[in-house]
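So the structure is just underneath, and the comments pick up after that.
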Amino acid sequence: MLEFELDTEASTLAFARALAAVLEGGDVIGLEGGLGAGKTTFARGALHGLGVPDDAAVTSPTFALLHHYEGRLPVAHADFYRLAHEAELEELGVDELVEDGAVLFVEWGRKFPGMASRTVLWVELEIVSDVARRARLRPQGGGGDAIIDALGKRVRS
Ligand SMILES: Nc1ncnc2c1ncn2[C@@H]1O[C@H](COP(=O)(O)OP(=O)(O)OP(=O)(O)O)[C@@H](O)[C@H]1O
Ligand SMILES: [Mg+2]
């Protein structure tokens, strides 16, 4: 587990960019934390870090459930807050996306066991103050361990 204090929104965006640099196609990143914790903000930083143009608007996929982007890899950002049934994941083509080598960021993914089992890294965001957040990164499986190792080297050097 890695823990970071993110003192401002800019720190969150910069940290998410650093994480993005060590991600590979097929990685599923679970963004957890309550309403307003910063999941979408984190995804915005990571997407831009993955080469989605800075001027591309990264908005919350609350209603569309899934937004697609093109960076150095195909990227998708999902929000399953409003998803009621796990079967709908199939209609959204989540498996195909991951199998085709996209990086996927998922808000509220933990509520669906199938989604949770595909997740390699959990980013848990907690509100500390109006401007600050705490991030805890928990790897799940070997893929997650490799991400944590690579990220640890980057942020320490
Ligand atoms: N250090 C910080 N990191 C991230 N966001 C911050 C920080 N400080 C303040 N904020 C603010 O907190 C809000 C986070 O909103 P965001 O939409 O990213 O949260 P969310 O977790 O995706 O919420 P939801 O559950 O509604 O999808 C934004 O208004 C952002 O400006
Ligand atoms: Mg959100």
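Chain labels follow the order of the structure tokens: the first chain is A, the next B, and so on; residue numbering restarts at 1 in every chain, and ligands are counted from 1 in their shown order.
Every protein or nucleic acid residue with an atom no more than 7 Å from Ala150 (chain A), counting only C-alpha atoms and leaving out same-chain residues fewer than 4 positions away, appears here: Val22, Ala146 and Arg154 of chain A.
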Contacts of ligand 1, 9 Å or closer, only C-alpha atoms and all ligand atoms, given as an mmCIF file with N, CA, C and O atoms, in the first residue's frame:
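Result file selection.cif:
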data_model
loop_
_atom_site.group_PDB
_atom_site.id
_atom_site.type_symbol
_atom_site.label_atom_id
_atom_site.label_comp_id
_atom_site.auth_asym_id
_atom_site.auth_seq_id
_atom_site.Cartn_x
_atom_site.Cartn_y
_atom_site.Cartn_z
ATOM 1 N N GLU A 5 -0.363 12.357 0.502
ATOM 2 C CA GLU A 5 -1.185 13.523 0.806
ATOM 3 C C GLU A 5 -1.243 14.374 -0.459
ATOM 4 O O GLU A 5 -0.203 14.669 -1.056
ATOM 5 N N LEU A 6 -2.429 14.741 -0.862
ATOM 6 C CA LEU A 6 -2.608 15.566 -2.054
ATOM 7 C C LEU A 6 -3.183 16.896 -1.580
ATOM 8 O O LEU A 6 -4.387 17.024 -1.361
ATOM 9 N N ASP A 7 -2.276 17.877 -1.394
ATOM 10 C CA ASP A 7 -2.651 19.101 -0.673
ATOM 11 C C ASP A 7 -3.538 20.046 -1.447
ATOM 12 O O ASP A 7 -4.189 20.906 -0.855
ATOM 13 N N THR A 8 -3.498 19.910 -2.761
ATOM 14 C CA THR A 8 -4.332 20.781 -3.598
ATOM 15 C C THR A 8 -4.832 19.950 -4.778
ATOM 16 O O THR A 8 -4.321 18.852 -5.043
ATOM 17 N N GLU A 9 -5.795 20.504 -5.509
ATOM 18 C CA GLU A 9 -6.267 19.825 -6.712
ATOM 19 C C GLU A 9 -5.117 19.643 -7.708
ATOM 20 O O GLU A 9 -5.023 18.599 -8.366
ATOM 21 N N ALA A 10 -4.221 20.634 -7.770
ATOM 22 C CA ALA A 10 -3.070 20.527 -8.679
ATOM 23 C C ALA A 10 -2.189 19.338 -8.299
ATOM 24 O O ALA A 10 -1.652 18.648 -9.177
ATOM 25 N N SER A 11 -2.048 19.062 -6.994
ATOM 26 C CA SER A 11 -1.243 17.895 -6.580
ATOM 27 C C SER A 11 -1.908 16.612 -7.041
ATOM 28 O O SER A 11 -1.236 15.657 -7.443
ATOM 29 N N THR A 12 -3.223 16.565 -6.956
ATOM 30 C CA THR A 12 -3.947 15.363 -7.395
ATOM 31 C C THR A 12 -3.746 15.142 -8.885
ATOM 32 O O THR A 12 -3.465 14.020 -9.324
ATOM 33 N N LEU A 13 -3.858 16.225 -9.659
ATOM 34 C CA LEU A 13 -3.688 16.104 -11.114
ATOM 35 C C LEU A 13 -2.268 15.645 -11.444
ATOM 36 O O LEU A 13 -2.068 14.764 -12.290
ATOM 37 N N LEU A 31 -11.267 3.679 -8.983
ATOM 38 C CA LEU A 31 -11.227 4.934 -8.224
ATOM 39 C C LEU A 31 -12.348 4.888 -7.190
ATOM 40 O O LEU A 31 -13.525 4.802 -7.557
ATOM 41 N N GLU A 32 -11.963 4.928 -5.936
ATOM 42 C CA GLU A 32 -12.954 4.793 -4.862
ATOM 43 C C GLU A 32 -12.928 6.028 -3.965
ATOM 44 O O GLU A 32 -11.949 6.764 -3.924
ATOM 45 N N GLY A 33 -13.991 6.210 -3.212
ATOM 46 C CA GLY A 33 -14.111 7.381 -2.340
ATOM 47 C C GLY A 33 -15.494 7.968 -2.497
ATOM 48 O O GLY A 33 -16.140 7.769 -3.527
ATOM 49 N N GLY A 34 -15.950 8.688 -1.505
ATOM 50 C CA GLY A 34 -17.313 9.219 -1.494
ATOM 51 C C GLY A 34 -17.532 10.311 -2.526
ATOM 52 O O GLY A 34 -16.622 10.655 -3.291
ATOM 53 N N LEU A 35 -18.729 10.850 -2.534
ATOM 54 C CA LEU A 35 -19.088 11.921 -3.465
ATOM 55 C C LEU A 35 -18.134 13.099 -3.272
ATOM 56 O O LEU A 35 -17.907 13.536 -2.147
ATOM 57 N N GLY A 36 -17.565 13.577 -4.365
ATOM 58 C CA GLY A 36 -16.685 14.735 -4.293
ATOM 59 C C GLY A 36 -15.290 14.440 -3.771
ATOM 60 O O GLY A 36 -14.504 15.364 -3.519
ATOM 61 N N ALA A 37 -14.964 13.177 -3.617
ATOM 62 C CA ALA A 37 -13.632 12.831 -3.093
ATOM 63 C C ALA A 37 -12.526 13.182 -4.093
ATOM 64 O O ALA A 37 -11.377 13.393 -3.695
ATOM 65 N N GLY A 38 -12.876 13.219 -5.375
ATOM 66 C CA GLY A 38 -11.871 13.586 -6.381
ATOM 67 C C GLY A 38 -11.604 12.498 -7.414
ATOM 68 O O GLY A 38 -10.598 12.557 -8.127
ATOM 69 N N LYS A 39 -12.517 11.552 -7.536
ATOM 70 C CA LYS A 39 -12.312 10.438 -8.476
ATOM 71 C C LYS A 39 -12.234 10.942 -9.923
ATOM 72 O O LYS A 39 -11.350 10.545 -10.682
ATOM 73 N N THR A 40 -13.187 11.797 -10.293
ATOM 74 C CA THR A 40 -13.200 12.302 -11.669
ATOM 75 C C THR A 40 -12.005 13.213 -11.910
ATOM 76 O O THR A 40 -11.379 13.179 -12.979
ATOM 77 N N THR A 41 -11.649 14.010 -10.900
ATOM 78 C CA THR A 41 -10.478 14.882 -11.012
ATOM 79 C C THR A 41 -9.225 14.036 -11.225
ATOM 80 O O THR A 41 -8.383 14.340 -12.081
ATOM 81 N N PHE A 42 -9.102 12.950 -10.461
ATOM 82 C CA PHE A 42 -7.964 12.046 -10.601
ATOM 83 C C PHE A 42 -7.940 11.469 -12.018
ATOM 84 O O PHE A 42 -6.891 11.424 -12.674
ATOM 85 N N ALA A 43 -9.093 11.018 -12.493
ATOM 86 C CA ALA A 43 -9.163 10.438 -13.845
ATOM 87 C C ALA A 43 -8.730 11.468 -14.885
ATOM 88 O O ALA A 43 -8.019 11.132 -15.837
ATOM 89 N N ARG A 44 -9.136 12.732 -14.678
ATOM 90 C CA ARG A 44 -8.773 13.791 -15.635
ATOM 91 C C ARG A 44 -7.249 13.911 -15.719
ATOM 92 O O ARG A 44 -6.675 13.948 -16.816
ATOM 93 N N THR A 59 -15.087 14.991 -18.682
ATOM 94 C CA THR A 59 -16.233 15.242 -17.807
ATOM 95 C C THR A 59 -16.682 13.943 -17.171
ATOM 96 O O THR A 59 -16.289 12.861 -17.601
ATOM 97 N N SER A 60 -17.493 14.058 -16.149
ATOM 98 C CA SER A 60 -17.942 12.872 -15.437
ATOM 99 C C SER A 60 -18.862 12.028 -16.310
ATOM 100 O O SER A 60 -19.813 12.540 -16.893
ATOM 101 N N PRO A 61 -18.584 10.733 -16.420
ATOM 102 C CA PRO A 61 -19.453 9.861 -17.224
ATOM 103 C C PRO A 61 -20.669 9.375 -16.437
ATOM 104 O O PRO A 61 -21.108 8.253 -16.605
ATOM 105 N N THR A 62 -21.207 10.253 -15.602
ATOM 106 C CA THR A 62 -22.323 9.860 -14.736
ATOM 107 C C THR A 62 -23.501 9.320 -15.542
ATOM 108 O O THR A 62 -24.104 8.318 -15.168
ATOM 109 N N ASP A 79 -18.202 5.431 -14.876
ATOM 110 C CA ASP A 79 -18.767 5.759 -13.564
ATOM 111 C C ASP A 79 -20.002 4.881 -13.404
ATOM 112 O O ASP A 79 -20.996 5.067 -14.108
ATOM 113 N N TYR A 81 -21.913 4.530 -10.734
ATOM 114 C CA TYR A 81 -22.792 4.928 -9.622
ATOM 115 C C TYR A 81 -24.243 4.624 -9.956
ATOM 116 O O TYR A 81 -25.008 4.171 -9.116
ATOM 117 N N GLU A 107 -15.035 4.536 -11.681
ATOM 118 C CA GLU A 107 -15.564 5.033 -10.410
ATOM 119 C C GLU A 107 -16.695 4.094 -9.975
ATOM 120 O O GLU A 107 -17.475 3.651 -10.789
ATOM 121 N N TRP A 108 -16.753 3.798 -8.713
ATOM 122 C CA TRP A 108 -17.786 2.925 -8.135
ATOM 123 C C TRP A 108 -17.750 1.515 -8.710
ATOM 124 O O TRP A 108 -18.792 0.859 -8.835
ATOM 125 N N LEU A 125 -9.615 7.534 -2.408
ATOM 126 C CA LEU A 125 -9.463 8.963 -2.114
ATOM 127 C C LEU A 125 -10.333 9.327 -0.921
ATOM 128 O O LEU A 125 -11.486 8.896 -0.822
ATOM 129 N N ILE A 127 -11.447 12.663 1.700
ATOM 130 C CA ILE A 127 -11.451 14.117 1.882
ATOM 131 C C ILE A 127 -10.776 14.461 3.206
ATOM 132 O O ILE A 127 -11.146 13.933 4.254
ATOM 133 N N VAL A 128 -9.755 15.329 3.131
ATOM 134 C CA VAL A 128 -9.043 15.776 4.330
ATOM 135 C C VAL A 128 -9.515 17.179 4.714
ATOM 136 O O VAL A 128 -9.718 17.487 5.884
ATOM 137 N N SER A 129 -9.685 18.040 3.706
ATOM 138 C CA SER A 129 -10.181 19.403 3.927
ATOM 139 C C SER A 129 -10.786 19.873 2.606
ATOM 140 O O SER A 129 -10.811 19.118 1.635
ATOM 141 N N ASP A 130 -11.207 21.140 2.569
ATOM 142 C CA ASP A 130 -11.770 21.708 1.328
ATOM 143 C C ASP A 130 -10.843 21.496 0.145
ATOM 144 O O ASP A 130 -11.304 21.290 -0.974
ATOM 145 N N VAL A 131 -9.550 21.577 0.406
ATOM 146 C CA VAL A 131 -8.585 21.562 -0.706
ATOM 147 C C VAL A 131 -7.688 20.326 -0.721
ATOM 148 O O VAL A 131 -6.961 20.108 -1.693
ATOM 149 N N ALA A 132 -7.716 19.535 0.329
ATOM 150 C CA ALA A 132 -6.761 18.431 0.423
ATOM 151 C C ALA A 132 -7.451 17.068 0.403
ATOM 152 O O ALA A 132 -8.580 16.912 0.870
ATOM 153 N N ARG A 133 -6.724 16.107 -0.128
ATOM 154 C CA ARG A 133 -7.209 14.725 -0.187
ATOM 155 C C ARG A 133 -6.074 13.790 0.231
ATOM 156 O O ARG A 133 -4.906 14.135 0.123
ATOM 157 N N ARG A 134 -6.445 12.593 0.685
ATOM 158 C CA ARG A 134 -5.450 11.554 0.928
ATOM 159 C C ARG A 134 -5.734 10.441 -0.071
ATOM 160 O O ARG A 134 -6.900 10.091 -0.300
#
Contacts of region 95-100 of chain A within 9 Å, only C-alpha atoms, excl. fewer than 6 positions in-chain, as a list in words: Gly25, Gly26, Asp27, Val28, Pro74, Val75, Ala76 and Leu89 of chain A
Helix (DSSP H, G or I) residues, from DSSP on the backbone, in chain A, as a ChimeraX atom specification: /A:9-20,39-49,88-92,94-99,109-111,113-118,141-156
A:Met115, A:Val103, A:Ala87, A:Ala78 ranked by distance to ligand 2, top pick (using only C-alpha atoms and all ligand atoms):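 Closest to ligand 2, using only C-alpha atoms and all ligand atoms: A:Ala78.
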Counting only C-alpha atoms, the residue of A:His48, A:Met1, A:Asp55, A:Phe63 that sits nearest Leu19 (chain A):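 That would be A:His48, the residue with the smallest distance to Leu19 (chain A).
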Given only C-alpha atoms as the counted atoms, nearest of A:Ile148, A:Ile29, A:Val52, A:Leu47 to Gly109 (chain A): A:Ile29
Who sits within 6 Å of Leu121 (chain A), only C-alpha atoms, same chain under 6 positions skipped, as a VMD selection string: chain A and resid 29 138 to 140 144
Straight-line distance linking CA of Arg82 (chain A) with CA of Leu23 (chain A), stated in Å to one decimal: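 If I compute the distance from CA of Arg82 (chain A) to CA of Leu23 (chain A), I get 26.9 Å.
Note that the spacing between CA of Gly101 (chain A) and CA of Lys153 (chain A) amounts to 24.4 Å.
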Residue among A:His68, A:Glu86, A:Leu137, A:Val106 lying closest to ligand 2, counting only C-alpha atoms and all ligand atoms: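 Counting only C-alpha atoms and all ligand atoms, the residue closest to ligand 2 is A:Val106.
From CA of Gly49 (chain A) back to CA of Ala16 (chain A), the distance works out to 7.3 Å.
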Neighbours of Phe112 (chain A) within 9 Å (only C-alpha atoms; same-chain residues fewer than 5 positions away dropped), as a compact mmCIF listing (two decimals) with all heavy atoms, in the first residue's frame?
# COMPACT_ATOMS: atom_id res chain seq x y z
N PHE A 80 -19.92 3.92 -12.49
CA PHE A 80 -21.01 2.95 -12.35
C PHE A 80 -21.93 3.26 -11.18
O PHE A 80 -22.67 2.40 -10.72
CB PHE A 80 -20.44 1.53 -12.24
CG PHE A 80 -19.72 1.10 -13.51
CD1 PHE A 80 -18.61 0.28 -13.47
CD2 PHE A 80 -20.19 1.51 -14.76
CE1 PHE A 80 -17.96 -0.11 -14.65
CE2 PHE A 80 -19.55 1.14 -15.93
CZ PHE A 80 -18.44 0.32 -15.88
N HIS A 85 -27.33 -3.11 -12.55
CA HIS A 85 -27.14 -4.55 -12.74
C HIS A 85 -25.80 -4.83 -13.41
O HIS A 85 -25.47 -4.22 -14.42
CB HIS A 85 -28.28 -5.12 -13.59
CG HIS A 85 -29.62 -4.80 -13.04
ND1 HIS A 85 -30.11 -5.39 -11.89
CD2 HIS A 85 -30.55 -3.92 -13.45
CE1 HIS A 85 -31.30 -4.90 -11.62
NE2 HIS A 85 -31.60 -3.99 -12.55
N GLU A 86 -25.11 -5.78 -12.85
CA GLU A 86 -23.79 -6.11 -13.39
C GLU A 86 -23.88 -6.53 -14.86
O GLU A 86 -22.93 -6.31 -15.63
CB GLU A 86 -23.14 -7.21 -12.54
CG GLU A 86 -21.74 -7.55 -13.01
CD GLU A 86 -20.78 -7.95 -11.89
OE1 GLU A 86 -21.26 -8.36 -10.83
OE2 GLU A 86 -19.57 -7.83 -12.09
N SER A 117 -12.98 -7.80 -9.72
CA SER A 117 -11.97 -8.85 -9.90
C SER A 117 -11.01 -8.51 -11.03
O SER A 117 -9.88 -9.00 -11.07
CB SER A 117 -12.63 -10.20 -10.15
OG SER A 117 -13.25 -10.19 -11.42
